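K.L.:
First the structure, then my questions, so here it is.
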Amino acid sequence: MNNQVMLSEEDLDIGLVERIEVDLLLEAIYRLSGFDFRMYMKSSIIRRIQNRMRLERIGTITALQEKMIHEKGFLEKILNDFSINVTEMFRDPTFFRSFRQKVVPELRKLESIRIWHAGCATGEEVYSMAILLEEEGLADKTTIYATDMNENVLQKAKQGTFSLVKMQTYTKNYMQAGGTEAFSEYYTADDHFAYFRPSLLKNISFAQHNLVTDSSFNEFHVIICRNVLIYFTSELQNQVQNLFYESLCPGGFLGLGDKESLRFSEKTPHYMEFDCTEKIYLKR
């Protein structure tokens, strides 16, 4: 039944010729940039391609590819289109509440803590974790590694500047996540933006990392990768989950998004469900 749903997604408003064009476009992107989108869900990729074609008033994917190959700077536009940047502070507050109540007591036992936020986008969830750890007295012994394939969104994340109109939603999320202070204590504001305290950045390291092509770069006690795997094919999900397994300490925690779950196979090492409702897993 699930395969039938997936086929209908894969065929989203696109015929055989267009599917061939998409494959050629993704191959060209890989050869030109090293970024590999060939195993991303085609439904997501096609929507982004069609949106760019509308913006550029281009009639075919082949014409889009030609523009990408020959026009300086256009490849970067395409890469930005394909980057997934949907996030918010304390997104899915019950996840952060569970992390605070169930994972933090285990982290207290460690002398130092390494956390990897993979696919961090513009950094809202990274700052959320930094606030949570500060309130729990763990910030000084924790290093957070925040990575994304998109260098532009990483630069924005480093600034810690977010739209003021979002603060009402973020405050509500923070309170539902078990926040213990007044959320406004963590930022200053002008008429348009909220500027989060620079002290939150002291133990955060931002770096470019591609989950599809790059390897493990450290051993972590916690890996957070939420609502990224849903854009990958089953094969790529298995590949990335193997990367996470190799990157986790024994007894380490993996946090996924609410629409994601571990894919178990003979090649995929098993985890224990630590909080099955919030998709938090413990490496055996």
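FYI, nothing fancy with the structure tokens labels: chains A, B, ... in order, residues from 1 per chain, ligands from 1 as they appear.
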Stretch 48-157 of chain A near stretch 249-253 of chain A within 12 Å: what's each residue's closest atom pair and its distance in Å to one decimal, counting only C-alpha atoms, ordered by chain then ascending residue number, as a tab-separated table?
P.N.:
residue	atom	partner	partner_atom	distance
A:Phe99	CA	A:Phe253	CA	9.9
A:Lys102	CA	A:Phe253	CA	10.9
A:Val103	CA	A:Phe253	CA	7.9
A:Val104	CA	A:Phe253	CA	10.7
A:Glu106	CA	A:Gly251	CA	9.5
A:Leu107	CA	A:Gly252	CA	9.4
A:Lys109	CA	A:Gly251	CA	11.8
A:Leu110	CA	A:Gly252	CA	11.2
A:Ile113	CA	A:Gly252	CA	10.3
A:Arg114	CA	A:Cys249	CA	9.7
A:Ile115	CA	A:Phe253	CA	9.4
A:Trp116	CA	A:Phe253	CA	10.4
A:His117	CA	A:Phe253	CA	11.9
K.L.:
Please run DSSP on the backbone and report, as an NGL selection string, all residues within stretch 5-254 of chain A that come out as strand (DSSP E or B).
P.N.:
:A and (40 or 113-118 or 142-148 or 161-163 or 187-189 or 193-196 or 204-208 or 220-225 or 232 or 248-254)
K.L.:
Restrict the calculation to only C-alpha atoms, then for each residue of stretch 5-124 of chain A with any atom at most 12 Å from an atom of stretch 152-173 of chain A give the closest atom pair and their distance in Å to one decimal, rows by chain and rising residue number, as a tab-separated table.
P.N.:
residue	atom	partner	partner_atom	distance
A:Glu76	CA	A:Asn152	CA	9.9
A:Lys77	CA	A:Asn152	CA	10.9
A:Leu79	CA	A:Asn152	CA	10.3
A:Asn80	CA	A:Asn152	CA	8.1
A:Asp81	CA	A:Asn152	CA	11.7
A:Ser83	CA	A:Val153	CA	9.1
A:Ile84	CA	A:Val153	CA	9.9
A:Asn85	CA	A:Val153	CA	7.9
A:Val86	CA	A:Val153	CA	11.1
A:Thr87	CA	A:Tyr170	CA	11.0
A:Glu88	CA	A:Tyr170	CA	7.2
A:Met89	CA	A:Tyr170	CA	5.5
A:Phe90	CA	A:Asn173	CA	5.5
A:Arg91	CA	A:Asn173	CA	6.9
A:Asp92	CA	A:Asn173	CA	7.5
A:Pro93	CA	A:Asn173	CA	5.4
A:Thr94	CA	A:Asn173	CA	8.9
A:Phe95	CA	A:Asn173	CA	10.6
A:Phe96	CA	A:Asn173	CA	9.4
A:Arg97	CA	A:Asn173	CA	10.1
A:Ala118	CA	A:Leu154	CA	11.7
A:Gly119	CA	A:Leu154	CA	9.9
A:Cys120	CA	A:Leu154	CA	8.1
A:Ala121	CA	A:Val153	CA	5.8
A:Thr122	CA	A:Ala157	CA	4.5
A:Gly123	CA	A:Ala157	CA	4.7
A:Glu124	CA	A:Ala157	CA	7.5
K.L.:
When distances are computed from only C-alpha atoms, which of A:Val228, A:Ala182, A:Ala130, A:Met149 shows the smallest separation from A:Lys202?
P.N.:
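Looking only at the distances to A:Lys202, the closest residue turns out to be A:Ala130.
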K.L.:
Between A:Ser98, A:Ile223, A:Leu243, A:Ser112, which is the closest to A:Phe274 once you count only C-alpha atoms?
P.N.:
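Of all the options, A:Ser98 lies closest to A:Phe274.
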K.L.:
Near stretch 178-180 of chain A, within 8 Å and counting only C-alpha atoms, which residues show up once chain neighbours fewer than 3 positions away are dropped, as an MDAnalysis selection string?
P.N.:
chainID A and resid 96:97 100 132 135 174:175 183
K.L.:
For C-alpha atoms, I'd like the residues from the last selection saved as an mmCIF file, in the first residue's frame.
P.N.:
data_model
loop_
_atom_site.group_PDB
_atom_site.id
_atom_site.type_symbol
_atom_site.label_atom_id
_atom_site.label_comp_id
_atom_site.auth_asym_id
_atom_site.auth_seq_id
_atom_site.Cartn_x
_atom_site.Cartn_y
_atom_site.Cartn_z
ATOM 1 C CA PHE A 96 12.201 19.156 23.831
ATOM 2 C CA ARG A 97 10.161 18.489 26.977
ATOM 3 C CA ARG A 100 14.705 17.761 29.167
ATOM 4 C CA LEU A 132 17.664 24.153 27.356
ATOM 5 C CA GLU A 135 18.776 26.086 32.102
ATOM 6 C CA TYR A 174 9.407 27.405 24.749
ATOM 7 C CA MET A 175 6.817 27.357 27.518
ATOM 8 C CA PHE A 183 11.918 33.612 27.079
#
K.L.:
Which polymer residues have any atom within 12 Å of an atom of A:Ser261, counting only C-alpha atoms, with same-chain residues fewer than 5 positions away left out, as a count of residues only?
P.N.:
22
K.L.:
Neighbouring residues of A:Phe232 were defined as those with any atom within 9 Å, considering only C-alpha atoms; residues of the same chain fewer than 5 positions away were excluded. Please report them as a list in words.
P.N.:
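Counting only C-alpha atoms, the residues come to Phe37, Met39, Tyr40, Met41, Lys42 and Gln237 of chain A.
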K.L.:
Suppose you want the space between atom CA of A:Thr147 and atom CA of A:Asp258; what is it in Å?
P.N.:
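Interatomic distance, atom CA of A:Thr147 to atom CA of A:Asp258: 20.3 Å.
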